[in-house]
$ cat model28.txt   # compact mmCIF, C-alpha atoms
# COMPACT_ATOMS: atom_id res chain seq x y z
CA MET A 1 -45.69 21.46 24.05
CA ASN A 2 -49.19 22.92 23.54
CA LEU A 3 -49.98 20.00 21.28
CA ALA A 4 -48.88 17.57 24.01
CA VAL A 5 -51.23 19.25 26.51
CA VAL A 6 -54.13 19.00 24.04
CA LEU A 7 -53.40 15.32 23.36
CA VAL A 8 -53.01 14.48 27.07
CA ILE A 9 -56.37 16.14 27.82
CA ALA A 10 -57.96 14.28 24.87
CA ALA A 11 -56.52 10.98 26.16
CA VAL A 12 -57.81 11.60 29.71
CA VAL A 13 -61.29 12.52 28.42
CA ALA A 14 -61.38 9.47 26.11
CA LEU A 15 -60.27 7.17 28.94
CA SER A 16 -62.89 8.57 31.34
CA VAL A 17 -65.69 8.14 28.78
CA ILE A 18 -64.55 4.64 27.85
CA LEU A 19 -64.20 3.47 31.46
CA ARG A 20 -67.61 4.90 32.37
CA LEU A 21 -69.22 3.06 29.45
CA ALA A 22 -67.25 -0.10 30.26
CA VAL A 23 -68.37 -0.08 33.91
CA THR A 24 -72.00 0.39 32.81
CA GLN A 25 -71.67 -2.49 30.36
CA SER A 26 -69.94 -4.65 32.95
CA LEU A 27 -72.77 -4.08 35.42
CA GLN A 28 -75.29 -5.02 32.73
CA LEU A 29 -73.36 -8.22 32.00
CA LYS A 30 -73.47 -9.16 35.66
CA GLY A 31 -77.18 -8.41 35.70
CA SER A 32 -76.83 -6.20 38.76
CA SER A 33 -78.31 -3.09 37.18
CA GLY A 34 -82.06 -3.51 36.86
CA LEU A 35 -83.53 -2.99 33.44
CA ASP A 36 -85.19 0.35 33.15
CA VAL A 37 -88.07 -0.92 31.05
CA SER A 38 -90.26 2.12 30.71
CA ILE A 39 -91.81 2.27 27.28
CA ARG A 40 -93.44 5.60 26.49
CA PRO A 41 -96.63 5.36 24.48
CA ILE A 42 -96.82 6.98 21.04
CA ASP A 43 -99.98 8.16 19.35
CA ILE A 44 -99.31 6.61 15.97
CA GLU A 45 -102.26 8.35 14.34
CA ALA A 46 -101.04 11.80 15.39
CA PHE A 47 -97.52 10.83 14.29
CA ARG A 48 -98.85 9.78 10.88
CA ASN A 49 -100.68 13.08 10.56
CA LEU A 50 -97.53 15.00 11.34
CA ILE A 51 -95.49 13.29 8.65
CA ASN A 52 -98.21 13.30 6.01
CA PRO A 53 -96.88 15.31 3.01
CA ALA A 54 -100.47 16.03 1.91
CA GLU A 55 -101.07 17.88 5.21
CA ASP A 56 -97.96 19.95 4.62
CA GLU A 57 -99.03 20.70 1.09
CA TYR A 58 -102.49 21.74 2.32
CA LEU A 59 -100.95 24.12 4.89
CA ARG A 60 -98.54 25.51 2.28
CA ARG A 61 -101.45 26.37 -0.03
CA ARG A 62 -103.65 27.83 2.72
CA LEU A 63 -101.18 29.86 4.78
CA PRO A 64 -99.05 32.88 3.91
CA PRO A 65 -95.36 31.84 3.51
CA ALA A 66 -94.18 33.35 6.81
CA GLN A 67 -96.98 31.72 8.79
CA PHE A 68 -96.46 28.45 6.97
CA ARG A 69 -92.79 28.43 8.00
CA THR A 70 -93.75 29.01 11.65
CA VAL A 71 -96.34 26.24 11.60
CA ARG A 72 -93.99 23.92 9.74
CA ARG A 73 -91.28 24.48 12.36
CA GLU A 74 -93.75 23.64 15.13
CA ARG A 75 -94.75 20.47 13.31
CA LEU A 76 -91.09 19.53 12.81
CA ARG A 77 -90.36 20.01 16.53
CA ALA A 78 -93.33 17.80 17.40
CA MET A 79 -92.11 15.26 14.85
CA ALA A 80 -88.66 15.26 16.45
CA ALA A 81 -90.22 14.62 19.85
CA TYR A 82 -92.17 11.64 18.47
CA VAL A 83 -89.10 10.21 16.75
CA GLN A 84 -87.07 10.57 19.94
CA VAL A 85 -89.71 8.69 21.93
CA ALA A 86 -89.70 5.94 19.29
CA ASN A 87 -85.90 5.90 19.56
CA HIS A 88 -86.11 5.59 23.35
CA ASN A 89 -88.63 2.74 23.09
CA ALA A 90 -86.35 0.96 20.63
CA ALA A 91 -83.44 1.24 23.10
CA VAL A 92 -85.57 -0.26 25.89
CA LEU A 93 -86.65 -3.12 23.64
CA ILE A 94 -83.08 -3.85 22.55
CA ARG A 95 -82.14 -4.44 26.20
CA VAL A 96 -85.27 -6.48 26.89
CA GLY A 97 -84.62 -8.52 23.73
CA GLU A 98 -80.98 -9.13 24.55
CA ALA A 99 -81.92 -10.33 28.03
CA ALA A 100 -84.53 -12.64 26.46
CA LEU A 101 -81.91 -14.02 24.06
CA ALA A 102 -80.23 -15.67 27.04
CA GLY A 103 -83.37 -17.73 27.70
CA ARG A 104 -83.55 -21.44 26.97
CA ASP A 105 -86.81 -21.35 25.04
CA GLY A 106 -85.90 -21.43 21.33
CA ARG A 107 -89.10 -19.68 20.23
CA VAL A 108 -88.55 -16.87 22.72
CA ALA A 109 -84.92 -16.49 21.60
CA GLU A 110 -85.99 -16.39 17.95
CA ALA A 111 -88.64 -13.75 18.66
CA ALA A 112 -86.13 -11.78 20.71
CA GLN A 113 -83.58 -11.90 17.88
CA LEU A 114 -86.20 -10.59 15.48
CA MET A 115 -87.26 -7.84 17.87
CA VAL A 116 -83.71 -6.68 18.56
CA ALA A 117 -82.97 -6.56 14.80
CA ASP A 118 -86.10 -4.45 14.24
CA ALA A 119 -85.30 -2.20 17.19
CA LEU A 120 -81.74 -1.64 15.92
CA LEU A 121 -83.06 -0.69 12.50
CA LEU A 122 -85.56 1.67 14.09
CA ARG A 123 -82.84 3.24 16.20
CA ARG A 124 -80.67 3.71 13.12
CA ASN A 125 -83.54 5.23 11.09
CA ALA A 126 -84.63 7.42 14.00
CA THR A 127 -81.12 8.83 14.42
CA VAL A 128 -80.96 9.78 10.75
CA ALA A 129 -84.53 11.13 10.90
CA VAL A 130 -83.79 13.38 13.89
CA ALA A 131 -80.72 14.78 12.13
CA ARG A 132 -82.80 15.46 9.01
CA ILE A 133 -85.59 17.07 11.06
CA TYR A 134 -83.12 19.50 12.62
CA LEU A 135 -81.75 20.26 9.16
CA ALA A 136 -85.31 20.82 7.92
CA LEU A 137 -85.87 23.24 10.81
CA ALA A 138 -83.34 25.52 9.15
CA TRP A 139 -85.19 25.26 5.81
CA PRO A 140 -88.85 24.72 6.74
CA GLY A 141 -89.89 24.85 3.08
CA SER A 142 -87.91 21.70 2.21
CA GLU A 143 -89.49 18.30 1.73
CA PHE A 144 -89.05 15.80 4.53
CA ALA A 145 -90.72 12.55 5.48
CA ALA A 146 -90.21 10.28 8.48
CA VAL A 147 -92.34 7.53 6.95
CA ARG A 148 -89.62 4.89 7.41
CA VAL A 149 -89.52 5.56 11.17
CA VAL A 150 -93.28 5.02 11.48
CA GLU A 151 -93.17 1.87 9.35
CA ARG A 152 -90.29 0.49 11.38
CA TYR A 153 -92.08 1.40 14.60
CA GLU A 154 -95.15 -0.52 13.47
CA GLN A 155 -93.02 -3.53 12.62
CA LEU A 156 -91.32 -3.30 16.01
CA SER A 157 -94.73 -3.19 17.70
CA GLY A 158 -95.52 -6.48 16.01
CA THR A 159 -92.32 -8.24 17.01
CA ALA A 160 -92.54 -6.88 20.58
CA MET A 161 -96.09 -8.23 20.78
CA LEU A 162 -94.87 -11.62 19.58
CA LEU A 163 -92.14 -11.72 22.21
CA GLY A 164 -94.57 -10.48 24.87
CA ARG A 165 -97.03 -13.24 24.03
CA LEU A 166 -94.34 -15.92 24.16
CA GLN A 167 -92.93 -14.67 27.44
CA ASN A 168 -96.24 -13.89 29.06
CA PRO A 169 -99.02 -16.03 27.56
CA GLY A 170 -101.49 -14.79 30.18
CA ALA A 171 -101.28 -11.25 28.89
CA ALA A 172 -101.87 -12.46 25.36
CA VAL A 173 -105.08 -14.20 26.51
CA ARG A 174 -106.23 -10.92 28.06
CA LEU A 175 -105.47 -9.16 24.80
CA SER A 176 -107.64 -11.65 22.92
CA ALA A 177 -110.41 -11.26 25.44
CA SER A 178 -110.36 -7.49 25.22
CA ARG A 179 -110.69 -7.53 21.45
CA MET H 1 -39.15 1.74 25.89
CA ALA H 2 -37.00 4.71 25.05
CA LYS H 3 -33.39 3.67 24.84
CA PRO H 4 -30.95 6.55 24.58
CA LEU H 5 -28.01 6.21 22.21
CA MET H 6 -25.80 5.48 25.25
CA LEU H 7 -26.99 2.57 27.36
CA PRO H 8 -27.74 3.44 31.01
CA ALA H 9 -27.81 0.89 33.80
CA HIS H 10 -31.45 -0.11 34.42
CA SER H 11 -33.03 -0.82 37.79
CA LEU H 12 -34.46 -4.17 38.77
CA LEU H 13 -37.96 -2.73 38.55
CA TRP H 14 -37.20 -1.69 34.98
CA HIS H 15 -36.18 -5.21 34.03
CA TYR H 16 -39.24 -6.64 35.76
CA PHE H 17 -41.68 -4.30 34.00
CA TRP H 18 -40.02 -4.86 30.66
CA LEU H 19 -40.05 -8.65 30.84
CA ALA H 20 -42.87 -9.77 33.15
CA PRO H 21 -45.89 -8.55 31.12
CA HIS H 22 -44.52 -10.25 28.02
CA ILE H 23 -43.83 -13.51 29.82
CA LEU H 24 -47.45 -13.32 31.00
CA GLN H 25 -48.50 -12.60 27.41
CA VAL H 26 -46.82 -15.78 26.20
CA ALA H 27 -48.58 -17.70 28.97
CA LEU H 28 -51.89 -16.09 28.02
CA ALA H 29 -51.37 -16.97 24.34
CA PHE H 30 -50.60 -20.57 25.33
CA LEU H 31 -53.70 -20.82 27.53
CA MET H 32 -55.84 -19.23 24.79
CA TRP H 33 -54.56 -21.85 22.37
CA ARG H 34 -55.27 -24.65 24.89
CA ARG H 35 -58.85 -23.44 25.31
CA GLY H 36 -59.45 -22.91 21.60
CA LEU H 37 -59.81 -19.15 22.00
CA HIS H 38 -57.11 -18.50 19.40
CA SER H 39 -59.54 -19.30 16.59
CA LEU H 40 -62.15 -16.94 18.06
CA PHE H 41 -59.77 -14.02 18.55
CA GLY H 42 -57.16 -14.76 15.88
CA VAL H 43 -55.82 -11.22 15.47
CA PHE H 44 -55.59 -10.66 19.22
CA PHE H 45 -53.77 -13.98 19.56
CA ALA H 46 -51.31 -12.87 16.85
CA TYR H 47 -50.91 -9.55 18.65
CA LEU H 48 -49.99 -11.27 21.93
CA ILE H 49 -47.36 -13.40 20.24
CA PHE H 50 -45.91 -10.61 18.12
CA GLU H 51 -45.79 -8.14 21.02
CA ALA H 52 -43.97 -10.65 23.23
CA PHE H 53 -41.52 -11.51 20.43
CA GLU H 54 -40.92 -7.82 19.69
CA GLU H 55 -40.27 -6.90 23.32
CA PHE H 56 -37.97 -9.86 24.00
CA THR H 57 -35.98 -8.89 20.89
CA LEU H 58 -35.78 -5.24 21.96
CA TYR H 59 -34.78 -6.28 25.46
CA GLY H 60 -32.00 -8.44 24.04
CA LEU H 61 -30.82 -5.59 21.83
CA ASP H 62 -30.94 -3.20 24.78
CA ILE H 63 -28.77 -5.26 27.10
CA ALA H 64 -26.33 -6.58 24.46
CA PRO H 65 -23.26 -4.33 24.63
CA ALA H 66 -22.33 -5.02 21.00
CA VAL H 67 -25.60 -3.56 19.70
CA SER H 68 -25.49 0.10 18.79
CA GLY H 69 -28.20 2.56 19.78
CA GLU H 70 -29.06 3.09 16.13
CA THR H 71 -29.64 -0.63 15.55
CA PHE H 72 -31.92 -0.70 18.59
CA TRP H 73 -33.98 2.24 17.33
CA ARG H 74 -34.26 0.77 13.83
CA ALA H 75 -35.64 -2.44 15.30
CA PHE H 76 -37.90 -0.39 17.56
CA CYS H 77 -39.34 1.51 14.56
CA VAL H 78 -39.99 -1.62 12.50
CA GLY H 79 -41.62 -3.29 15.51
CA LEU H 80 -43.90 -0.41 16.29
CA ILE H 81 -45.13 -0.12 12.68
CA VAL H 82 -46.04 -3.81 12.53
CA GLU H 83 -47.51 -3.71 16.05
CA GLY H 84 -49.51 -0.57 15.17
CA PHE H 85 -51.21 -2.28 12.23
CA ILE H 86 -51.87 -5.46 14.22
CA LYS H 87 -53.53 -3.38 16.97
CA ILE H 88 -55.79 -1.71 14.43
CA GLY H 89 -56.60 -5.24 13.24
CA VAL H 90 -57.52 -6.22 16.82
CA ILE H 91 -59.92 -3.26 17.04
CA GLY H 92 -61.42 -4.38 13.71
CA GLU H 93 -61.83 -7.87 15.14
CA LEU H 94 -63.70 -6.46 18.16
CA PHE H 95 -66.06 -4.53 15.85
CA TYR H 96 -66.59 -7.70 13.80
CA HIS H 97 -67.56 -9.73 16.88
CA LEU H 98 -69.95 -7.02 18.13
CA LEU H 99 -71.67 -6.37 14.81
CA ARG H 100 -71.75 -9.87 13.31
CA PRO H 101 -75.01 -10.91 15.02
CA TRP H 102 -76.77 -7.75 13.82
CA PRO H 103 -76.60 -7.29 10.03
CA ALA H 104 -79.12 -4.44 10.41
CA ILE H 105 -76.42 -2.11 11.68
CA ALA H 106 -73.28 -3.90 10.45
CA LYS H 107 -73.15 -1.80 7.27
CA VAL H 108 -73.59 1.48 9.16
CA GLY H 109 -70.99 0.34 11.67
CA SER H 110 -68.42 -0.56 9.04
CA ARG H 111 -68.97 2.76 7.19
CA LEU H 112 -68.64 4.65 10.45
CA VAL H 113 -65.39 2.84 11.31
CA THR H 114 -63.96 3.53 7.84
CA GLY H 115 -64.97 7.20 7.93
CA THR H 116 -63.77 7.75 11.49
CA GLY H 117 -60.53 5.91 10.72
CA ALA H 118 -59.87 8.20 7.74
CA VAL H 119 -60.56 11.34 9.83
CA LEU H 120 -58.32 10.05 12.63
CA VAL H 121 -55.47 9.35 10.21
CA LEU H 122 -55.78 12.93 8.90
CA LEU H 123 -55.83 14.34 12.44
CA ALA H 124 -52.87 12.19 13.49
CA SER H 125 -50.93 13.31 10.40
CA LEU H 126 -51.71 16.94 11.23
CA ALA H 127 -50.57 16.40 14.82
CA ALA H 128 -47.38 14.74 13.54
CA ALA H 129 -46.72 17.71 11.24
CA LEU H 130 -47.07 20.10 14.18
CA VAL H 131 -44.55 18.29 16.38
CA VAL H 132 -41.23 19.99 17.01
CA PRO H 133 -38.75 17.06 17.12
CA ASP H 134 -37.58 16.30 20.66
CA ASN H 135 -34.32 14.66 19.63
CA ASN H 136 -31.59 15.47 17.13
CA HIS H 137 -31.53 11.88 15.93
CA TRP H 138 -34.32 11.44 13.38
CA LEU H 139 -34.86 7.78 14.31
CA ILE H 140 -35.64 8.60 17.93
CA SER H 141 -37.87 11.62 17.30
CA GLY H 142 -39.47 9.82 14.34
CA SER H 143 -40.34 6.78 16.42
CA HIS H 144 -41.87 9.01 19.13
CA ILE H 145 -44.02 10.75 16.50
CA LEU H 146 -45.02 7.38 15.01
CA GLN H 147 -46.13 6.18 18.45
CA GLN H 148 -48.20 9.33 18.94
CA THR H 149 -49.76 8.86 15.48
CA PHE H 150 -50.75 5.23 16.03
CA TYR H 151 -52.17 5.92 19.49
CA ILE H 152 -54.32 8.83 18.24
CA VAL H 153 -55.91 6.41 15.75
CA ASP H 154 -56.25 3.60 18.34
CA CYS H 155 -57.78 5.89 20.96
CA GLY H 156 -60.27 7.36 18.51
CA LEU H 157 -61.35 3.97 17.16
CA LEU H 158 -61.76 2.52 20.66
CA ALA H 159 -63.80 5.54 21.78
CA LEU H 160 -65.98 4.96 18.70
CA LEU H 161 -66.32 1.26 19.56
CA PHE H 162 -67.57 1.99 23.08
CA SER H 163 -69.81 4.89 22.01
CA PHE H 164 -71.35 2.89 19.15
CA THR H 165 -72.19 -0.10 21.32
CA ALA H 166 -73.53 2.16 24.07
CA TYR H 167 -75.72 4.09 21.64
CA PHE H 168 -77.21 0.96 20.09
CA LYS H 169 -77.37 -0.76 23.52
CA LEU H 170 -75.49 -3.75 22.12
CA ALA H 171 -74.59 -6.42 24.65
CA TRP H 172 -70.87 -7.02 25.06
CA ASN H 173 -69.50 -10.49 25.27
CA TYR H 174 -67.53 -10.74 28.52
CA ARG H 175 -64.26 -11.57 26.75
CA ILE H 176 -64.63 -8.92 24.06
CA LEU H 177 -65.27 -6.34 26.78
CA GLY H 178 -62.07 -7.41 28.57
CA ILE H 179 -59.92 -7.16 25.44
CA ALA H 180 -61.44 -3.77 24.59
CA VAL H 181 -61.00 -2.34 28.09
CA GLY H 182 -57.36 -3.47 28.23
CA LEU H 183 -56.63 -2.00 24.80
CA ALA H 184 -58.42 1.25 25.66
CA ILE H 185 -56.47 1.80 28.89
CA LEU H 186 -53.27 1.01 27.03
CA ALA H 187 -54.06 3.31 24.09
CA CYS H 188 -55.17 6.30 26.18
CA GLU H 189 -52.28 6.14 28.66
CA HIS H 190 -49.71 5.57 25.90
CA LEU H 191 -51.16 8.43 23.84
CA GLY H 192 -50.62 10.77 26.79
CA THR H 193 -47.04 9.69 27.48
CA TRP H 194 -45.91 9.47 23.84
CA ALA H 195 -47.46 12.87 23.10
CA VAL H 196 -45.42 14.34 25.96
CA MET H 197 -42.25 12.59 24.72
CA ALA H 198 -42.77 13.44 21.04
CA ASN H 199 -43.27 17.10 21.90
CA GLY H 200 -40.16 17.35 24.04
CA GLY H 201 -41.84 17.37 27.45
CA LEU H 202 -40.30 16.12 30.72
CA LEU H 203 -36.88 15.70 29.13
CA GLY H 204 -35.17 14.89 32.43
CA GLN H 205 -37.83 12.42 33.60
CA ARG H 206 -38.26 10.19 30.57
CA HIS H 207 -37.54 7.08 32.62
CA PHE H 208 -40.65 7.78 34.72
CA LEU H 209 -42.76 7.93 31.56
CA ASP H 210 -41.21 4.68 30.38
CA LEU H 211 -41.94 3.05 33.72
CA LEU H 212 -45.52 4.36 33.61
CA ASN H 213 -45.96 2.87 30.11
CA MET H 214 -44.56 -0.48 31.19
CA ALA H 215 -46.59 -0.59 34.42
CA THR H 216 -49.78 0.23 32.49
CA TYR H 217 -49.00 -2.52 30.02
CA HIS H 218 -48.58 -4.93 32.93
CA VAL H 219 -52.01 -3.97 34.29
CA CYS H 220 -53.57 -4.41 30.83
CA VAL H 221 -52.11 -7.90 30.45
CA LEU H 222 -53.59 -8.82 33.85
CA ILE H 223 -56.97 -7.46 32.70
CA TRP H 224 -56.79 -9.67 29.60
CA PHE H 225 -55.85 -12.64 31.77
CA TYR H 226 -58.86 -12.07 34.00
CA TYR H 227 -61.45 -11.54 31.28
CA LEU H 228 -60.19 -14.27 28.94
CA LEU H 229 -59.47 -17.01 31.41
CA VAL H 230 -61.66 -16.53 34.50
CA PRO H 231 -65.10 -18.02 33.78
CA GLN H 232 -67.94 -15.53 33.61
CA LYS H 233 -70.48 -15.63 36.41
CA THR H 234 -73.97 -16.52 35.22
CA PRO H 235 -76.11 -13.38 35.19
CA THR H 236 -78.69 -13.29 37.98
CA THR H 237 -81.38 -12.26 35.50
CA SER H 238 -80.95 -14.42 32.45
CA ALA H 239 -84.11 -13.31 30.75
CA VAL H 240 -86.37 -10.37 31.37
CA SER H 241 -89.97 -10.49 30.32
CA LEU H 242 -91.71 -7.41 29.06
CA PRO H 243 -93.52 -6.08 32.13
CA GLU H 244 -97.29 -6.29 31.99
CA ASN H 245 -97.83 -2.52 32.06
CA ASN H 246 -95.62 -2.19 28.99
CA LEU H 247 -97.39 -5.07 27.35
CA ALA H 248 -100.63 -3.21 27.90
CA ILE H 249 -99.18 -0.15 26.17
CA TRP H 250 -97.97 -2.25 23.26
CA ASN H 251 -101.30 -4.01 23.09
CA ARG H 252 -103.05 -0.67 22.85
CA GLU H 253 -100.69 0.49 20.11
CA LEU H 254 -101.09 -2.75 18.21
CA GLU H 255 -104.87 -2.59 18.45
CA ARG H 256 -104.74 0.97 17.16
CA LEU H 257 -102.63 -0.20 14.22
CA LEU H 258 -104.98 -3.10 13.49
CA GLN H 259 -107.98 -0.79 13.47
CA GLN H 260 -106.46 1.52 10.84
$ encode --input "model28.txt" --output "structure tokens"
Amino acid sequence: MNLAVVLVIAAVVALSVILRLAVTQSLQLKGSSGLDVSIRPIDIEAFRNLINPAEDEYLRRRLPPAQFRTVRRERLRAMAAYVQVANHNAAVLIRVGEAALAGRDGRVAEAAQLMVADALLLRRNATVAVARIYLALAWPGSEFAAVRVVERYEQLSGTAMLLGRLQNPGAAVRLSASR
Amino acid sequence: MAKPLMLPAHSLLWHYFWLAPHILQVALAFLMWRRGLHSLFGVFFAYLIFEAFEEFTLYGLDIAPAVSGETFWRAFCVGLIVEGFIKIGVIGELFYHLLRPWPAIAKVGSRLVTGTGAVLVLLASLAAALVVPDNNHWLISGSHILQQTFYIVDCGLLALLFSFTAYFKLAWNYRILGIAVGLAILACEHLGTWAVMANGGLLGQRHFLDLLNMATYHVCVLIWFYYLLVPQKTPTTSAVSLPENNLAIWNRELERLLQQ
């Protein structure tokens, strides 16, 4: 009978989670929940510095092992924070892209399709990267690189810009003017 | 529907709940075929037809006085095995529809489904091994354990389906969402009741559990009716532009990238 209690509790938990997610999705389908489009900026240069293996190698040579491990852990935590922001931005862009897919303009839909595909790849890579960063926290001496996340983020920037220009040509003009 | 080896007289409500959802299922299958939805959701269409056929057969066996309890339970076991595999096929079909437009994550998705499926089968087998049979007749206790096993796998896969789409922020098609919600309610409620039955719980109130199962099934069929046949309202916001403040951020980032 203990097994039955465990399974009943598991079923109730699963149903609650599923219904909560289904209601959220249903509201999104009806368009009644406003899109929370808040992209958080990322300092790509600082991100690149953090993931640069040469920097790590330099610190490894210069610092005593114990101090190196402390510094490396700090750098890994910062890296995780950057990757999580990139992951968040990708999630926002997936929703923006999916909403744009419903538009009638073929060029906008094509750009949106491209952006969503890039954002999904970024989200996938970022998830793996975060898991690997936390693993690396346990062994700070191990090699780790989040290069693919940065590359994917750069690509996503490009496709988001393309979609932004198509949807909002005025902003693109301002961009040109500011350059 | 748990039929004891001796046939009891069933209430009108019992007959209604046993037959009505499956009559509705046949109607739903017919309307799906009329609207061409059967080619889009082929496995679900097959599930509707098979489930209705299975339940009408079991109903006939239940009320026919010449049919022994053992024959009924044999048919019940065969039906639930076939139905179990078709339901897993329906979940696979839902994953296929959700992932098809996005090859970028289709591979990850399919690996995750395979891996999770394997783990769930192991867990369900372990749970089955831990069950103390609730009935002396192996066919009855065996069929209860089989139900519990299939619903553990169904529940787990459906939870994965919803979690995966929520994590990747994938947009659900209105109809796919309806099929998934109906299946999820069915799987979770049935897992609870069959787990109680398989483990010998509520021995004197089994008919309430049966009624609960049948009533839930009725609700699920109505959910499928609504989502598959009632036209979807056009979203109020068909397309959302990137807000200008975000564009400015992206512009800054892009400029920074260009300057490197």
$ closest_atom_pairs --input "model28.txt" --of "stretch 159-233 of chain H" --to "stretch 93-101 of chain H" --cutoff "8 Å" --atoms "all atoms listed in the file" --output "Markdown table"
| residue | atom | partner | partner_atom | distance |
| --- | --- | --- | --- | --- |
| H:Leu161 | CA | H:Phe95 | CA | 6.9 |
| H:Thr165 | CA | H:Leu98 | CA | 7.9 |
| H:Leu170 | CA | H:Leu98 | CA | 7.6 |
| H:Trp172 | CA | H:Leu98 | CA | 7.0 |
| H:Asn173 | CA | H:Leu98 | CA | 8.0 |
| H:Ile176 | CA | H:Leu94 | CA | 6.5 |
| H:Ala180 | CA | H:Leu94 | CA | 7.3 |
$ closest_residue --input "model28.txt" --among "H:Gln205, H:Ala198, H:Phe225, H:Tyr217" --to "A:Val5" --atoms "only C-alpha atoms"
H:Ala198
$ atom_distance --input "model28.txt" --atom1 "atom CA of A:Ala119" --atom2 "atom CA of A:Ala46"
21.1 Å
$ atom_distance --input "model28.txt" --atom1 "atom CA of H:Asp154" --atom2 "atom CA of H:Leu228"
21.1 Å
$ atom_distance --input "model28.txt" --atom1 "atom CA of H:Ser163" --atom2 "atom CA of H:Phe41"
21.7 Å
$ closest_residue --input "model28.txt" --among "H:Thr116, H:Val108, H:Ser141, H:Pro231" --to "chain A" --atoms "all atoms listed in the file"
H:Val108
$ residues_around --input "model28.txt" --residues "stretch 68-75 of chain A" --least-positions-apart "3" --cutoff "7 Å" --atoms "only C-alpha atoms" --output "PDB file with C-alpha atoms, in the coordinates of the input"
ATOM      1  CA  LEU A  50     -97.530  15.000  11.340  1.00  0.00           C
ATOM      2  CA  LEU A  59    -100.950  24.120   4.890  1.00  0.00           C
ATOM      3  CA  ARG A  60     -98.540  25.510   2.280  1.00  0.00           C
ATOM      4  CA  LEU A  63    -101.180  29.860   4.780  1.00  0.00           C
ATOM      5  CA  PRO A  64     -99.050  32.880   3.910  1.00  0.00           C
ATOM      6  CA  PRO A  65     -95.360  31.840   3.510  1.00  0.00           C
ATOM      7  CA  ALA A  78     -93.330  17.800  17.400  1.00  0.00           C
ATOM      8  CA  MET A  79     -92.110  15.260  14.850  1.00  0.00           C
ATOM      9  CA  LEU A 137     -85.870  23.240  10.810  1.00  0.00           C
ATOM     10  CA  PRO A 140     -88.850  24.720   6.740  1.00  0.00           C
ATOM     11  CA  GLY A 141     -89.890  24.850   3.080  1.00  0.00           C
TER      12      GLY A 141
END
$ closest_residue --input "model28.txt" --among "H:Leu202, H:Leu212, H:Val219, H:Ala104" --to "chain A" --atoms "all atoms listed in the file"
H:Ala104
$ closest_residue --input "model28.txt" --among "H:Ile140, H:Val113, H:Ala128, H:Ala118" --to "chain A" --atoms "only C-alpha atoms"
H:Ala128
$ decode --input "model28.txt" --residues "stretch 100-111 of chain A" --atoms "N, CA and C atoms" --output "compact mmCIF listing (two decimals), in the first residue's frame"
# COMPACT_ATOMS: atom_id res chain seq x y z
N ALA A 100 6.18 36.50 -34.16
CA ALA A 100 6.41 37.10 -35.49
C ALA A 100 6.12 36.11 -36.61
N LEU A 101 6.25 34.81 -36.30
CA LEU A 101 5.97 33.78 -37.32
C LEU A 101 4.53 33.85 -37.81
N ALA A 102 3.65 34.35 -36.93
CA ALA A 102 2.23 34.42 -37.30
C ALA A 102 1.94 35.56 -38.27
N GLY A 103 2.93 36.43 -38.47
CA GLY A 103 2.72 37.59 -39.35
C GLY A 103 2.54 37.19 -40.81
N ARG A 104 2.04 38.13 -41.59
CA ARG A 104 1.76 37.82 -42.99
C ARG A 104 2.95 38.10 -43.91
N ASP A 105 3.87 38.92 -43.41
CA ASP A 105 5.03 39.28 -44.23
C ASP A 105 5.98 38.08 -44.30
N GLY A 106 6.21 37.58 -45.52
CA GLY A 106 7.04 36.39 -45.71
C GLY A 106 8.46 36.59 -45.23
N ARG A 107 9.00 37.82 -45.48
CA ARG A 107 10.41 38.06 -45.10
C ARG A 107 10.55 38.07 -43.58
N VAL A 108 9.54 38.66 -42.92
CA VAL A 108 9.55 38.70 -41.46
C VAL A 108 9.46 37.28 -40.90
N ALA A 109 8.56 36.47 -41.50
CA ALA A 109 8.38 35.09 -41.02
C ALA A 109 9.66 34.29 -41.21
N GLU A 110 10.34 34.52 -42.35
CA GLU A 110 11.58 33.79 -42.63
C GLU A 110 12.66 34.18 -41.62
N ALA A 111 12.75 35.49 -41.36
CA ALA A 111 13.75 35.97 -40.38
C ALA A 111 13.42 35.44 -38.99
